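Student: Quick one: structure below, then a few questions.
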Amino acid sequence: MKKILIEISNTSLSFSYCAPAASNSPFSSITENGVNRIITTEDYIHKKYELFITFLQQTNEKNNINMLILSDYDLFDLVFHLTCEIFKFDTVIFKPMANLPQNIFDLIMDNEFKMKNLKCYSMAKEMYDSLIDKEINVDIESTLFFNSRLFSHNNFQTYEDLTDKEIIEFDFNPDEYDYADFNNFLKSNEKLHTIDIKKYYPHILDNIINILKENNKDDIAINIYGDAFKYEEEIKQKAKECRHNFYITVVYSDELRHTRNKQIITAISFFIIPLILISLIIYLLT
């Protein structure tokens with residue numbers, strides 16, 4: 001079980017994970033150079049929940065805590081329930097190099113997790129705008145995931161997402177900035193094997209393939225979904241040209257396939273039926 005380190009220093013309260021060997025007991029406390037360090041476990045906190053609540057209340061009265069520092073988003077649920085009724089923080093600092101999770105954002109917007117200033121690595125632009133409207137000062141360290149439609153639509157949260165992502169989707173019409181983000185993504189990623197184009201737009205396939213080639217990527221499956229009928233010949237030609245590097249497939253839904261078959265049958269009937277009638281007339285006249 002992970003050990004949790006709780007530190008009280010001046011007016012700040014911090015929670016982080018620490019090595020299991022840091023303490024053999026489920027609870028230890030030491031104060032050194034004005035910093036109180038408690039090492040415990042989540043199970044022990046739940047077992048002695050009221051005791052921890054009382055301790056934090058007394059700590060707040062003594063130190064007037066106004067800053068919370070959280071080293072891992074996984075700690076949030078525990079920390080929220082321990083602190084939400086006791087503290088109104090001036091500043092909350094999230095240390096993880098990742099986007100602010102939706103559940104934390106929702107609690108802030110509902111005013112259940114109170115603060116005046118928020119610092120974190122990054123967040124979606126929609127979150128940033130909403131927090132600013134709520135008159136919360138927001139300080140983000142990185143805008144890598146902040147402005148990118150590609151990263152947002154693919155739920156990229158951390159640098160590990162960049163390096164480990166195996167499937168990426170284009171469900172919008174990319175502009176030059178989106179293609180630049182895709183190019184940067186390929187420079188960091190070695191595991192991509194599938195690209196799903198959820199809606200086909202003119203030149204999207206050409207642009208994606210050109211960027212893949214620039215980054216020396218091959219053996220990539222490119223699946224094209226949606227109504228791509230009018231681009232079918234263009235896609236087939238591109239698939240033939242790139243067959244040694246990429247596997248390009250048009251994936252039709254059952255509904256679209258049914259529509260396509262009806263179109264083919266209607267087109268055939270348009271030519272076959274008159275041909276049969278003409279042949280019949282000629283036969284009857286001879």
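By order of appearance in the structure tokens: chains A, B, ..., then residues from 1 within every chain, and ligands from 1 in the order shown.
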As a PyMOL selection string, please: every residue in stretch 32-279 of chain A that a backbone DSSP assignment puts in helix (DSSP H, G or I).
Tutor: chain A and resi 42-47+49-63+73-83+102-109+125-133+149-153+159-164+176-188+204-214+229-241+254-279
Student: Excluding A:Glu7 and residues on its chain fewer than 6 positions from it, collect all residues at most 6 Å away from it, counting only C-alpha atoms, and give them as a PyMOL selection string.
Tutor: chain A and resi 13-14+36-37
Student: Atom CA of A:Glu141 to atom CA of A:Phe94: how many Å, to one decimal?
Tutor: 10.7 Å
Student: Applying 6 Å and only C-alpha atoms, which residues near stretch 54-66 of chain A remain after dropping the ones on its own chain fewer than 3 positions away? List them as a list in words.
Tutor: Thr11, Ser12, Leu51, Phe89 and Asp90 of chain A
Student: Put those residues in a file: all heavy atoms, as a PDB file, in the first residue's frame.
Tutor:
```pdb
ATOM      1  N   THR A  11       2.092  28.284   6.614  1.00  0.00           N
ATOM      2  CA  THR A  11       0.664  28.366   6.296  1.00  0.00           C
ATOM      3  C   THR A  11       0.275  27.453   5.130  1.00  0.00           C
ATOM      4  O   THR A  11      -0.765  27.652   4.505  1.00  0.00           O
ATOM      5  CB  THR A  11       0.278  29.811   5.950  1.00  0.00           C
ATOM      6  OG1 THR A  11       1.065  30.259   4.837  1.00  0.00           O
ATOM      7  CG2 THR A  11       0.498  30.727   7.138  1.00  0.00           C
ATOM      8  N   SER A  12       1.100  26.457   4.829  1.00  0.00           N
ATOM      9  CA  SER A  12       0.808  25.568   3.700  1.00  0.00           C
ATOM     10  C   SER A  12       0.596  24.137   4.177  1.00  0.00           C
ATOM     11  O   SER A  12       1.183  23.684   5.167  1.00  0.00           O
ATOM     12  CB  SER A  12       1.934  25.608   2.665  1.00  0.00           C
ATOM     13  OG  SER A  12       3.102  25.002   3.167  1.00  0.00           O
ATOM     14  N   LEU A  51     -10.367  11.552  13.743  1.00  0.00           N
ATOM     15  CA  LEU A  51      -9.133  12.024  14.372  1.00  0.00           C
ATOM     16  C   LEU A  51      -8.365  12.943  13.433  1.00  0.00           C
ATOM     17  O   LEU A  51      -7.851  13.999  13.837  1.00  0.00           O
ATOM     18  CB  LEU A  51      -8.264  10.829  14.775  1.00  0.00           C
ATOM     19  CG  LEU A  51      -6.956  11.143  15.503  1.00  0.00           C
ATOM     20  CD1 LEU A  51      -7.217  11.834  16.839  1.00  0.00           C
ATOM     21  CD2 LEU A  51      -6.149   9.867  15.715  1.00  0.00           C
ATOM     22  N   PHE A  89      -9.007  27.915   0.799  1.00  0.00           N
ATOM     23  CA  PHE A  89      -7.622  28.193   0.432  1.00  0.00           C
ATOM     24  C   PHE A  89      -7.521  29.451  -0.429  1.00  0.00           C
ATOM     25  O   PHE A  89      -8.341  29.669  -1.329  1.00  0.00           O
ATOM     26  CB  PHE A  89      -7.025  27.014  -0.330  1.00  0.00           C
ATOM     27  CG  PHE A  89      -6.980  25.734   0.452  1.00  0.00           C
ATOM     28  CD1 PHE A  89      -7.848  24.688   0.145  1.00  0.00           C
ATOM     29  CD2 PHE A  89      -6.090  25.575   1.506  1.00  0.00           C
ATOM     30  CE1 PHE A  89      -7.811  23.506   0.858  1.00  0.00           C
ATOM     31  CE2 PHE A  89      -6.053  24.396   2.230  1.00  0.00           C
ATOM     32  CZ  PHE A  89      -6.916  23.357   1.909  1.00  0.00           C
ATOM     33  N   ASP A  90      -6.489  30.240  -0.157  1.00  0.00           N
ATOM     34  CA  ASP A  90      -6.164  31.319  -1.083  1.00  0.00           C
ATOM     35  C   ASP A  90      -5.581  30.744  -2.372  1.00  0.00           C
ATOM     36  O   ASP A  90      -5.934  31.179  -3.474  1.00  0.00           O
ATOM     37  CB  ASP A  90      -5.148  32.294  -0.459  1.00  0.00           C
ATOM     38  CG  ASP A  90      -5.776  33.189   0.582  1.00  0.00           C
ATOM     39  OD1 ASP A  90      -6.993  33.420   0.497  1.00  0.00           O
ATOM     40  OD2 ASP A  90      -5.061  33.642   1.486  1.00  0.00           O
TER      41      ASP A  90
END
```
Student: So, counting only C-alpha atoms, which residue among A:Lys199, A:Lys125, A:Lys2, A:Lys217 is closest to A:Phe229?
Tutor: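 Nearest candidate to A:Phe229 out of A:Lys199, A:Lys125, A:Lys2, A:Lys217: A:Lys199.
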Student: Pick out the residues sitting within 9 Å of A:Asp181, and hand them over as a ChimeraX atom specification; count only C-alpha atoms, and ignore anything fewer than 3 positions along from it in its own chain.
Tutor: /A:148-151,176-178,184-186
Student: I need the residues in stretch 22-132 of chain A that are strand (DSSP E or B) according to DSSP; give them as a ChimeraX atom specification.
Tutor: /A:27-32,35-41,67-70,89-94,98-99,115-120,122
Student: Applying 12 Å and only C-alpha atoms, which residues near A:Glu160 remain after dropping the ones on its own chain fewer than 3 positions away? List them as an MDAnalysis selection string.
Tutor: chainID A and resid 97:99 155:157 163:166 185 188:191
Student: Would you export the selected residues with all heavy atoms as a tab-separated table (two decimals), in the first residue's frame, please?
Tutor:
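Saved as out04.tsv:
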```
chain	number	residue	atom	x	y	z
A	97	MET	N	2.36	16.88	-13.95
A	97	MET	CA	2.55	17.43	-15.30
A	97	MET	C	1.46	16.86	-16.20
A	97	MET	O	1.70	16.02	-17.08
A	97	MET	CB	3.94	17.08	-15.82
A	97	MET	CG	5.07	17.78	-15.09
A	97	MET	SD	6.70	17.36	-15.74
A	97	MET	CE	6.60	18.01	-17.41
A	98	ALA	N	0.24	17.31	-15.96
A	98	ALA	CA	-0.91	16.80	-16.69
A	98	ALA	C	-2.03	17.83	-16.65
A	98	ALA	O	-2.01	18.76	-15.83
A	98	ALA	CB	-1.39	15.48	-16.07
A	99	ASN	N	-3.00	17.66	-17.54
A	99	ASN	CA	-4.16	18.55	-17.56
A	99	ASN	C	-4.98	18.42	-16.28
A	99	ASN	O	-5.06	17.34	-15.69
A	99	ASN	CB	-5.06	18.20	-18.75
A	99	ASN	CG	-4.78	19.08	-19.95
A	99	ASN	OD1	-3.89	19.91	-19.93
A	99	ASN	ND2	-5.55	18.88	-21.00
A	155	ASN	N	-8.15	13.57	-26.15
A	155	ASN	CA	-8.04	13.46	-24.69
A	155	ASN	C	-6.60	13.27	-24.24
A	155	ASN	O	-6.31	12.45	-23.35
A	155	ASN	CB	-8.92	12.32	-24.17
A	155	ASN	CG	-9.14	12.40	-22.68
A	155	ASN	OD1	-9.19	13.49	-22.10
A	155	ASN	ND2	-9.26	11.26	-22.03
A	156	PHE	N	-5.66	14.02	-24.84
A	156	PHE	CA	-4.28	13.99	-24.38
A	156	PHE	C	-4.20	14.76	-23.07
A	156	PHE	O	-4.63	15.90	-22.99
A	156	PHE	CB	-3.36	14.66	-25.40
A	156	PHE	CG	-3.04	13.80	-26.60
A	156	PHE	CD1	-3.83	12.73	-26.94
A	156	PHE	CD2	-1.94	14.08	-27.38
A	156	PHE	CE1	-3.54	11.94	-28.04
A	156	PHE	CE2	-1.62	13.30	-28.48
A	156	PHE	CZ	-2.44	12.23	-28.81
A	157	GLN	N	-3.64	14.12	-22.05
A	157	GLN	CA	-3.53	14.74	-20.74
A	157	GLN	C	-2.08	14.94	-20.31
A	157	GLN	O	-1.77	15.88	-19.59
A	157	GLN	CB	-4.26	13.89	-19.70
A	157	GLN	CG	-5.74	13.70	-19.97
A	157	GLN	CD	-6.54	14.97	-19.77
A	157	GLN	OE1	-6.24	15.77	-18.90
A	157	GLN	NE2	-7.57	15.16	-20.56
A	163	THR	N	3.70	10.08	-26.16
A	163	THR	CA	4.66	9.04	-26.54
A	163	THR	C	4.01	7.66	-26.69
A	163	THR	O	4.50	6.84	-27.46
A	163	THR	CB	5.80	8.95	-25.50
A	163	THR	OG1	5.23	8.69	-24.21
A	163	THR	CG2	6.58	10.25	-25.45
A	164	ASP	N	2.91	7.40	-25.97
A	164	ASP	CA	2.35	6.05	-25.93
A	164	ASP	C	1.08	5.87	-26.75
A	164	ASP	O	0.59	4.75	-26.89
A	164	ASP	CB	2.04	5.66	-24.48
A	164	ASP	CG	3.30	5.58	-23.64
A	164	ASP	OD1	4.40	5.51	-24.21
A	164	ASP	OD2	3.20	5.61	-22.39
A	165	LYS	N	0.53	6.94	-27.28
A	165	LYS	CA	-0.74	6.85	-28.01
A	165	LYS	C	-0.60	5.95	-29.24
A	165	LYS	O	0.30	6.14	-30.06
A	165	LYS	CB	-1.20	8.25	-28.43
A	165	LYS	CG	-2.65	8.33	-28.85
A	165	LYS	CD	-3.56	8.35	-27.66
A	165	LYS	CE	-4.99	8.70	-28.03
A	165	LYS	NZ	-5.89	8.67	-26.88
A	166	GLU	N	-1.51	4.98	-29.38
A	166	GLU	CA	-1.45	4.04	-30.50
A	166	GLU	C	-2.48	4.35	-31.58
A	166	GLU	O	-2.29	3.98	-32.73
A	166	GLU	CB	-1.66	2.61	-29.98
A	166	GLU	CG	-0.58	2.15	-29.02
A	166	GLU	CD	-0.80	0.73	-28.54
A	166	GLU	OE1	-1.82	0.12	-28.94
A	166	GLU	OE2	0.05	0.23	-27.79
A	185	PHE	N	3.43	15.80	-32.76
A	185	PHE	CA	3.07	14.55	-32.11
A	185	PHE	C	3.90	13.39	-32.66
A	185	PHE	O	4.42	12.56	-31.90
A	185	PHE	CB	1.57	14.30	-32.32
A	185	PHE	CG	1.14	12.88	-32.11
A	185	PHE	CD1	1.04	12.36	-30.82
A	185	PHE	CD2	0.83	12.06	-33.19
A	185	PHE	CE1	0.64	11.04	-30.62
A	185	PHE	CE2	0.43	10.75	-32.99
A	185	PHE	CZ	0.33	10.24	-31.71
A	188	SER	N	7.42	12.80	-31.36
A	188	SER	CA	7.57	12.24	-30.01
A	188	SER	C	7.07	10.81	-29.89
A	188	SER	O	7.42	10.11	-28.95
A	188	SER	CB	6.80	13.11	-29.00
A	188	SER	OG	7.23	14.45	-29.04
A	189	ASN	N	6.23	10.39	-30.84
A	189	ASN	CA	5.53	9.12	-30.70
A	189	ASN	C	6.13	8.04	-31.59
A	189	ASN	O	6.40	8.27	-32.76
A	189	ASN	CB	4.05	9.32	-31.05
A	189	ASN	CG	3.24	8.06	-30.87
A	189	ASN	OD1	3.27	7.16	-31.70
A	189	ASN	ND2	2.51	7.99	-29.78
A	190	GLU	N	6.32	6.85	-31.02
A	190	GLU	CA	6.84	5.71	-31.76
A	190	GLU	C	5.85	4.55	-31.81
A	190	GLU	O	6.15	3.50	-32.36
A	190	GLU	CB	8.16	5.22	-31.13
A	190	GLU	CG	9.31	6.23	-31.18
A	190	GLU	CD	9.79	6.48	-32.61
A	190	GLU	OE1	9.58	5.60	-33.47
A	190	GLU	OE2	10.36	7.56	-32.86
A	191	LYS	N	4.67	4.71	-31.22
A	191	LYS	CA	3.74	3.58	-31.08
A	191	LYS	C	2.49	3.70	-31.94
A	191	LYS	O	1.67	2.79	-31.96
A	191	LYS	CB	3.34	3.43	-29.60
A	191	LYS	CG	4.51	3.09	-28.70
A	191	LYS	CD	4.05	2.83	-27.28
A	191	LYS	CE	5.22	2.46	-26.38
A	191	LYS	NZ	4.80	2.18	-24.98
```
Student: Can you work out which one of A:Leu118, A:Ile222, A:Leu192, A:Ile211 has the shortest atom-to-atom distance to A:Asp161, counting only C-alpha atoms?
Tutor: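 The closest residue to A:Asp161 is A:Leu192.
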Student: Go through A:Gln237, A:Ser122, A:Asn137, A:Asn10 and flag the residue nearest A:Thr91, using only C-alpha atoms for the distances.
Tutor: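 Ranked by minimum distance to A:Thr91, first place goes to A:Asn137.
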Student: At a cut-off of 9 Å, using only C-alpha atoms, what residues contact A:Asn223? Leave out same-chain residues fewer than 2 positions from it and give the result as a list in words.
Tutor: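 With the cut-off at 9 Å, the set is Thr194, Ile195, Asp196, Ile197, Lys198, Ala221, Tyr225, Tyr247, Ile248, Thr249, Val250 and Val251 of chain A.
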Student: Considering only C-alpha atoms, can you say which of A:Tyr159, A:Phe87, A:Tyr49, A:Phe105 comes closest to A:Ile136?
Tutor: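 Answer, going by the shortest atom-to-atom distance: A:Phe105.
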